[in-house]
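protein-v3.cif (mmCIF, C-alpha atoms) appears below.
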data_target
#
loop_
_atom_site.label_atom_id
_atom_site.label_comp_id
_atom_site.auth_asym_id
_atom_site.auth_seq_id
_atom_site.Cartn_x
_atom_site.Cartn_y
_atom_site.Cartn_z
CA MET P 1 69.76 -67.10 -137.26
CA LEU P 2 67.33 -69.73 -135.92
CA LYS P 3 67.38 -71.34 -132.47
CA HIS P 4 65.06 -74.32 -132.93
CA VAL P 5 65.38 -76.31 -136.13
CA MET P 6 64.18 -79.87 -136.61
CA LEU P 7 65.78 -82.23 -139.12
CA VAL P 8 63.98 -85.25 -140.54
CA ASP P 9 65.76 -87.71 -142.81
CA ASP P 10 66.25 -91.47 -142.71
CA SER P 11 69.92 -91.00 -143.62
CA ILE P 12 72.27 -90.25 -140.70
CA VAL P 13 74.74 -88.94 -143.29
CA VAL P 14 72.29 -86.27 -144.41
CA LEU P 15 71.41 -85.41 -140.80
CA LYS P 16 75.10 -85.03 -139.97
CA MET P 17 75.85 -82.91 -143.06
CA LEU P 18 72.83 -80.68 -142.48
CA GLU P 19 73.52 -80.17 -138.79
CA LYS P 20 77.15 -79.19 -139.50
CA THR P 21 76.08 -76.73 -142.18
CA LEU P 22 73.32 -75.18 -140.07
CA GLN P 23 75.72 -74.68 -137.17
CA LYS P 24 78.03 -72.76 -139.51
CA LEU P 25 75.01 -70.59 -140.38
CA ASP P 26 74.34 -69.93 -136.69
CA CYS P 27 71.28 -72.18 -136.49
CA GLN P 28 70.66 -74.65 -133.69
CA VAL P 29 69.22 -78.13 -134.26
CA SER P 30 66.91 -79.00 -131.39
CA ALA P 31 65.46 -82.29 -132.69
CA THR P 32 66.06 -84.94 -135.31
CA ALA P 33 63.87 -87.76 -136.59
CA ARG P 34 64.43 -90.59 -139.04
CA ASN P 35 60.89 -91.17 -140.24
CA GLY P 36 57.68 -89.23 -140.75
CA LYS P 37 55.86 -90.78 -137.79
CA ASP P 38 58.51 -89.62 -135.30
CA ALA P 39 58.65 -86.26 -137.08
CA VAL P 40 54.99 -85.53 -136.32
CA LYS P 41 55.40 -86.58 -132.67
CA LEU P 42 58.59 -84.52 -132.19
CA TYR P 43 57.05 -81.48 -133.90
CA GLN P 44 54.30 -81.42 -131.31
CA GLU P 45 56.83 -81.77 -128.46
CA HIS P 46 59.41 -79.23 -129.67
CA LYS P 47 57.43 -76.78 -131.87
CA PRO P 48 60.54 -75.92 -133.95
CA GLU P 49 60.83 -72.65 -135.88
CA LEU P 50 61.73 -74.56 -139.04
CA VAL P 51 61.68 -78.17 -140.24
CA PHE P 52 63.86 -79.69 -142.94
CA MET P 53 62.08 -82.87 -144.04
CA ASP P 54 63.09 -85.59 -146.47
CA ILE P 55 60.37 -86.92 -148.77
CA THR P 56 61.22 -90.61 -149.15
CA MET P 57 61.35 -92.26 -145.72
CA PRO P 58 60.22 -95.55 -144.19
CA ILE P 59 57.11 -95.88 -141.98
CA LYS P 60 55.64 -92.54 -143.07
CA SER P 61 56.78 -90.39 -145.99
CA GLY P 62 57.78 -86.76 -145.68
CA LEU P 63 54.75 -85.62 -147.67
CA GLU P 64 52.35 -87.46 -145.35
CA ALA P 65 54.16 -86.11 -142.28
CA ALA P 66 54.21 -82.57 -143.70
CA ALA P 67 50.44 -82.76 -144.35
CA GLU P 68 49.83 -83.90 -140.78
CA ILE P 69 52.04 -81.19 -139.29
CA MET P 70 50.36 -78.49 -141.40
CA GLY P 71 47.02 -79.81 -140.20
CA LEU P 72 48.16 -79.47 -136.57
CA ASP P 73 49.89 -76.13 -137.13
CA PRO P 74 49.04 -74.16 -140.31
CA GLN P 75 51.88 -71.74 -139.47
CA ALA P 76 54.51 -74.51 -139.57
CA ARG P 77 57.53 -73.76 -141.74
CA ILE P 78 58.65 -76.85 -143.63
CA ILE P 79 61.35 -77.15 -146.26
CA MET P 80 61.33 -80.43 -148.14
CA LEU P 81 64.58 -82.21 -148.91
CA THR P 82 64.38 -84.43 -151.90
CA ALA P 83 66.47 -86.47 -154.25
CA MET P 84 63.43 -86.40 -156.54
CA GLY P 85 62.58 -82.98 -157.90
CA ASP P 86 59.88 -83.84 -160.37
CA ALA P 87 57.13 -81.36 -161.02
CA GLU P 88 54.28 -83.53 -159.72
CA ILE P 89 55.86 -84.09 -156.30
CA MET P 90 56.65 -80.41 -155.93
CA ALA P 91 53.07 -79.50 -156.85
CA ARG P 92 51.72 -81.92 -154.22
CA ALA P 93 54.05 -80.48 -151.62
CA ARG P 94 53.02 -76.90 -152.42
CA GLU P 95 49.35 -77.88 -152.04
CA ILE P 96 50.20 -79.17 -148.57
CA GLY P 97 51.78 -75.81 -147.74
CA VAL P 98 55.54 -76.44 -147.58
CA ARG P 99 57.62 -73.29 -147.94
CA ASP P 100 60.41 -74.48 -150.22
CA PHE P 101 62.47 -77.37 -151.59
CA LEU P 102 66.10 -78.35 -151.50
CA GLN P 103 67.03 -80.91 -154.11
CA LYS P 104 69.90 -83.22 -153.19
CA PRO P 105 72.79 -82.87 -153.39
CA PHE P 106 72.69 -79.52 -151.60
CA ASP P 107 75.58 -77.42 -150.33
CA GLU P 108 76.05 -74.67 -147.75
CA GLN P 109 75.25 -71.87 -150.19
CA MET P 110 71.98 -73.50 -151.25
CA ILE P 111 70.88 -73.88 -147.61
CA LYS P 112 71.88 -70.30 -146.82
CA ASP P 113 70.00 -68.95 -149.87
CA THR P 114 66.92 -70.92 -148.83
CA LEU P 115 66.99 -69.53 -145.27
CA VAL P 116 67.51 -65.96 -146.49
CA LYS P 117 64.65 -66.33 -148.98
CA LEU P 118 62.34 -67.67 -146.26
CA ILE P 119 63.10 -64.82 -143.88
CA LYS P 120 62.70 -62.18 -146.65
CA GLU P 121 59.35 -63.59 -147.69
CA GLU P 122 58.05 -63.23 -144.13
CA GLN P 123 59.19 -59.65 -143.67
CA MET A 1 64.17 -95.45 -177.67
CA GLY A 2 63.55 -98.48 -175.44
CA GLU A 3 62.95 -97.98 -171.75
CA LEU A 4 66.16 -99.74 -170.69
CA GLN A 5 68.24 -97.59 -173.05
CA ALA A 6 66.60 -94.43 -171.65
CA PHE A 7 67.52 -95.59 -168.14
CA VAL A 8 71.10 -96.40 -169.15
CA ASN A 9 71.64 -93.05 -170.87
CA GLN A 10 70.27 -91.09 -167.93
CA ALA A 11 72.08 -93.25 -165.35
CA LYS A 12 75.45 -92.25 -166.82
CA LEU A 13 74.55 -88.55 -166.75
CA SER A 14 73.15 -88.69 -163.22
CA ALA A 15 76.11 -90.66 -161.85
CA GLN A 16 78.68 -88.32 -163.38
CA LYS A 17 76.86 -85.24 -162.12
CA ILE A 18 76.25 -86.49 -158.56
CA LEU A 19 79.74 -87.98 -158.07
CA SER A 20 81.22 -84.70 -159.25
CA VAL A 21 79.04 -82.51 -157.03
CA MET A 22 79.06 -84.67 -153.88
CA ALA A 23 82.62 -85.98 -153.96
CA ASP A 24 84.51 -84.01 -156.65
CA LEU A 25 85.05 -87.31 -158.46
CA GLN A 26 85.31 -87.81 -162.21
CA ALA A 27 83.44 -90.91 -163.37
CA GLY A 28 84.38 -92.62 -166.63
CA PHE A 29 81.98 -94.91 -168.45
CA ASP A 30 84.38 -96.04 -171.14
CA GLU A 31 83.10 -99.58 -171.54
CA PRO A 32 79.87 -100.34 -173.40
CA PRO A 33 76.94 -101.55 -171.27
CA LEU A 34 77.13 -105.23 -170.39
CA PRO A 35 74.11 -107.45 -171.03
CA GLY A 36 72.41 -108.63 -167.86
CA GLU A 37 73.84 -111.69 -166.17
CA ASN A 38 71.83 -113.84 -163.78
CA GLU A 39 74.58 -113.52 -161.19
CA ILE A 40 76.70 -110.49 -160.28
CA GLU A 41 79.85 -110.98 -158.23
CA ALA A 42 79.84 -107.89 -156.04
CA TYR A 43 82.86 -105.59 -155.69
CA GLY A 44 82.21 -105.16 -151.98
CA ILE A 45 79.65 -102.55 -150.89
CA SER A 46 76.24 -102.67 -152.56
CA SER A 47 73.07 -100.66 -152.37
CA ILE A 48 69.70 -101.38 -153.95
CA ILE A 49 66.80 -99.03 -154.55
CA SER A 50 63.51 -100.24 -155.99
CA PHE A 51 61.12 -98.10 -157.92
CA THR A 52 57.55 -98.36 -159.07
CA GLY A 53 55.31 -96.41 -161.40
CA LYS A 54 54.67 -96.96 -165.12
CA ILE A 55 57.72 -99.24 -164.98
CA LYS A 56 58.90 -101.30 -162.01
CA GLY A 57 62.45 -102.27 -161.32
CA ARG A 58 65.51 -101.59 -159.24
CA ILE A 59 68.88 -99.88 -159.36
CA LEU A 60 71.90 -101.59 -157.85
CA ILE A 61 75.11 -99.71 -157.11
CA ASP A 62 78.10 -101.79 -156.14
CA MET A 63 81.57 -100.45 -155.39
CA GLU A 64 85.02 -101.42 -154.17
CA HIS A 65 85.78 -100.77 -150.51
CA ASN A 66 88.42 -98.11 -151.27
CA LEU A 67 85.92 -96.11 -153.28
CA GLY A 68 83.35 -96.38 -150.49
CA LEU A 69 85.90 -95.14 -147.95
CA HIS A 70 86.92 -92.25 -150.19
CA LEU A 71 83.30 -91.22 -150.77
CA ALA A 72 82.52 -91.35 -147.05
CA ARG A 73 85.56 -89.19 -146.32
CA MET A 74 84.62 -86.61 -148.97
CA ILE A 75 80.93 -86.46 -148.07
CA THR A 76 81.04 -86.60 -144.25
CA GLY A 77 84.43 -84.97 -143.71
CA ASP A 78 85.62 -87.79 -141.44
CA ASP A 79 88.15 -90.59 -142.00
CA TYR A 80 87.21 -94.25 -141.56
CA ARG A 81 89.59 -97.16 -141.12
CA THR A 82 87.27 -99.75 -142.54
CA ALA A 83 84.26 -99.89 -144.82
CA TYR A 84 82.50 -101.98 -142.15
CA ASN A 85 81.32 -98.77 -140.54
CA GLU A 86 77.77 -97.46 -140.32
CA MET A 87 78.67 -94.04 -141.76
CA VAL A 88 80.43 -95.58 -144.77
CA LEU A 89 77.46 -97.80 -145.51
CA GLU A 90 75.01 -94.93 -145.00
CA THR A 91 77.09 -92.81 -147.38
CA VAL A 92 76.80 -95.46 -150.09
CA ALA A 93 73.04 -95.71 -149.47
CA GLU A 94 72.64 -91.94 -149.68
CA LEU A 95 74.75 -91.78 -152.83
CA ASN A 96 72.49 -94.38 -154.44
CA ASN A 97 69.45 -92.43 -153.25
CA THR A 98 70.76 -89.18 -154.76
CA ILE A 99 71.87 -90.69 -158.08
CA SER A 100 68.64 -92.68 -158.43
CA GLY A 101 66.62 -89.60 -157.47
CA ASP A 102 68.26 -87.53 -160.18
CA LEU A 103 67.81 -90.38 -162.70
CA VAL A 104 64.15 -90.85 -161.86
CA THR A 105 63.42 -87.10 -161.78
CA ASN A 106 64.77 -86.70 -165.29
CA LEU A 107 62.86 -89.74 -166.57
CA ASN A 108 59.66 -88.47 -164.93
CA ASN A 109 60.01 -84.96 -166.33
CA ASN A 110 61.13 -86.04 -169.82
CA HIS A 111 59.20 -89.27 -170.32
CA GLY A 112 56.27 -89.05 -167.91
CA LEU A 113 57.05 -92.36 -166.22
CA LYS A 114 55.68 -91.35 -162.77
CA LEU A 115 58.39 -93.34 -160.99
CA TRP A 116 58.67 -93.41 -157.20
CA LEU A 117 61.69 -94.62 -155.25
CA SER A 118 61.79 -96.79 -152.16
CA PRO A 119 64.31 -96.09 -149.37
CA PRO A 120 67.67 -97.73 -150.20
CA ILE A 121 69.15 -100.81 -148.58
CA VAL A 122 72.88 -101.38 -148.34
CA PHE A 123 75.03 -104.42 -147.60
CA ILE A 124 78.70 -105.32 -147.43
CA GLY A 125 80.56 -108.59 -147.53
CA GLU A 126 83.29 -110.69 -149.05
CA GLN A 127 82.61 -112.74 -152.19
CA VAL A 128 78.96 -111.75 -152.27
CA VAL A 129 77.00 -112.96 -155.28
CA ILE A 130 73.83 -111.10 -156.21
CA THR A 131 71.33 -112.99 -158.33
CA VAL A 132 69.05 -111.28 -160.81
CA THR A 133 66.05 -113.28 -161.89
CA ARG A 134 62.87 -112.45 -163.80
CA LEU A 135 64.11 -108.99 -164.68
CA THR A 136 65.75 -107.58 -167.80
CA SER A 137 68.95 -105.91 -166.71
CA THR A 138 72.08 -104.25 -167.95
CA SER A 139 75.31 -103.34 -166.16
CA LEU A 140 77.51 -100.24 -166.49
CA VAL A 141 81.05 -100.22 -165.18
CA CYS A 142 82.25 -96.85 -163.95
CA ARG A 143 85.92 -96.21 -163.23
CA THR A 144 87.20 -93.50 -160.92
CA GLU A 145 90.69 -92.79 -159.61
CA HIS A 146 89.68 -94.34 -156.27
CA GLY A 147 88.10 -97.55 -157.54
CA LYS A 148 85.39 -99.15 -159.60
CA LEU A 149 81.65 -98.84 -159.36
CA LEU A 150 79.04 -101.00 -161.06
CA PHE A 151 75.48 -99.92 -161.89
CA ASN A 152 73.00 -102.65 -162.64
CA ILE A 153 69.61 -101.45 -163.85
CA ALA A 154 66.84 -104.03 -163.94
CA LEU A 155 63.34 -103.50 -165.30
CA GLU A 156 60.28 -105.73 -164.99
CA GLY A 157 58.22 -106.63 -168.04
CA VAL A 158 60.62 -105.09 -170.53
CA SER A 159 62.45 -107.08 -173.22
#
Output the structure of this file as structure tokens.
Amino acid sequence: MLKHVMLVDDSIVVLKMLEKTLQKLDCQVSATARNGKDAVKLYQEHKPELVFMDITMPIKSGLEAAAEIMGLDPQARIIMLTAMGDAEIMARAREIGVRDFLQKPFDEQMIKDTLVKLIKEEQ
Amino acid sequence: MGELQAFVNQAKLSAQKILSVMADLQAGFDEPPLPGENEIEAYGISSIISFTGKIKGRILIDMEHNLGLHLARMITGDDYRTAYNEMVLETVAELNNTISGDLVTNLNNNHGLKLWLSPPIVFIGEQVVITVTRLTSTSLVCRTEHGKLLFNIALEGVS
């Protein structure tokens, strides 16, 4: 499905689970980061087709990193991962320009549905 | 309803939901909440998340090693010989993050508390004693078929 996906989460458990699931869905992970600061730097180096980004992270949050990436590349496709799905956070993220949200805990079907929805919206 | 009671009620719901979804585990909260003690003798693997907003405080999750190992196996798909393993500890941290996230989301949406979580910390040890000072807290004991789990919710400036 996608050849260059970047994963950003401070939890290696989440990174591992996501990478395994994406491989099953025929997606390749080309970069991972564990905080928002590294996420911005790696985005510029790798220019991934899609970014899965956690919200709550040390050093720089996912929302701050997403805003920076959207500033650098308004066409960036970012899906926020969050344990916190409250309406205010989602509204802030939409203002930044993220494409969608996955609230934890997520499973393979949720990730697949999100990818299919993203591709359909762009067609 | 007092703030602490709202937290306790939602904590039970969030824990049962997340443990079921992430690890197919049934969580029983059969005992009534315990009043806060100044010292908690930890079961073995502990994780703390702080939060801020209209109320400040922290959520402590503490579990027996066997339960931590079982959760790591269910969530990551790999077996671990000992709980002194980075993936086991990270699993406990992520579990706390997910349960606390669900708890806080519901409190934000239903009570407008505008709470925000910090990243979790996790630690493991033998005969660890955790002290709770200057905060009002309550403890919930959760029993599963793979071991016990304690939630301690502590709020600042609440009686």
Report task. Would you give me, as a PyMOL selection string, the residues of chain P that come within 12 Å of chain A, using all atoms listed in the file? Result -> chain P and resi 9-21+34-35+54-62+81-90+103-107
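Straight-line separation from CA of Gly147 (chain A) to CA of Ile121 (chain A): 21.2 Å.
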Query raised in the report: When the PyMOL selection byres ((chain P and resi 111) around 9) is applied to the file above, which residues end up in the set, as a PyMOL selection string?
Result: chain P and resi 18+21-22+25+102+106-110+112-116
Now that the selection is made, can you save its residues with C-alpha atoms as a PDB file, keeping the file's coordinate frame?
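Done, and the output landed in selection.pdb:
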ATOM      1  CA  LEU P  18      72.830 -80.680-142.480  1.00  0.00           C
ATOM      2  CA  THR P  21      76.080 -76.730-142.180  1.00  0.00           C
ATOM      3  CA  LEU P  22      73.320 -75.180-140.070  1.00  0.00           C
ATOM      4  CA  LEU P  25      75.010 -70.590-140.380  1.00  0.00           C
ATOM      5  CA  LEU P 102      66.100 -78.350-151.500  1.00  0.00           C
ATOM      6  CA  PHE P 106      72.690 -79.520-151.600  1.00  0.00           C
ATOM      7  CA  ASP P 107      75.580 -77.420-150.330  1.00  0.00           C
ATOM      8  CA  GLU P 108      76.050 -74.670-147.750  1.00  0.00           C
ATOM      9  CA  GLN P 109      75.250 -71.870-150.190  1.00  0.00           C
ATOM     10  CA  MET P 110      71.980 -73.500-151.250  1.00  0.00           C
ATOM     11  CA  LYS P 112      71.880 -70.300-146.820  1.00  0.00           C
ATOM     12  CA  ASP P 113      70.000 -68.950-149.870  1.00  0.00           C
ATOM     13  CA  THR P 114      66.920 -70.920-148.830  1.00  0.00           C
ATOM     14  CA  LEU P 115      66.990 -69.530-145.270  1.00  0.00           C
ATOM     15  CA  VAL P 116      67.510 -65.960-146.490  1.00  0.00           C
TER      16      VAL P 116
END
Requested in this report: Can you work out the spacing between CA of Gln26 (chain A) and CA of Leu71 (chain A) in Å, to one decimal?
Outcome: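 Atom-to-atom, CA of Gln26 (chain A) and CA of Leu71 (chain A) are spaced 12.1 Å apart.
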Requested in this report: Might you pull out every residue within 7 Å of Leu60 (chain A), with all atoms listed in the file counted and same-chain residues fewer than 4 positions away left off, and present them as a list in words?
Outcome: Ser46, Ser47, Ile48, Ile49, Phe151, Asn152 and Ile153 of chain A
Requested in this report: Quick one: everything within 9 Å of region 28-30 of chain P, counting only C-alpha atoms, minus sequence neighbours fewer than 5 positions away in the same chain. Send it as a ChimeraX atom specification.
Outcome: /P:1-7,19,22-23,46,48
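Non-sequential neighbours of Ile130 (chain A) (distance at most 9 Å, separation of 5 or more positions within a chain, all atoms listed in the file) are Asn38, Glu39, Ile40, Glu41 and Ala42 of chain A.
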Query - Expected selection from the PyMOL selection byres ((chain P and resi 44) around 12), given as a PyMOL selection string - result: chain P and resi 6+31+37-43+45-49+65+68-73+76
Report task. Excluding Leu4 (chain A) and any residue of its chain fewer than 6 positions from it, enumerate the residues within 8 Å of it, using only C-alpha atoms, and give them as a count of residues only. Result -> 5
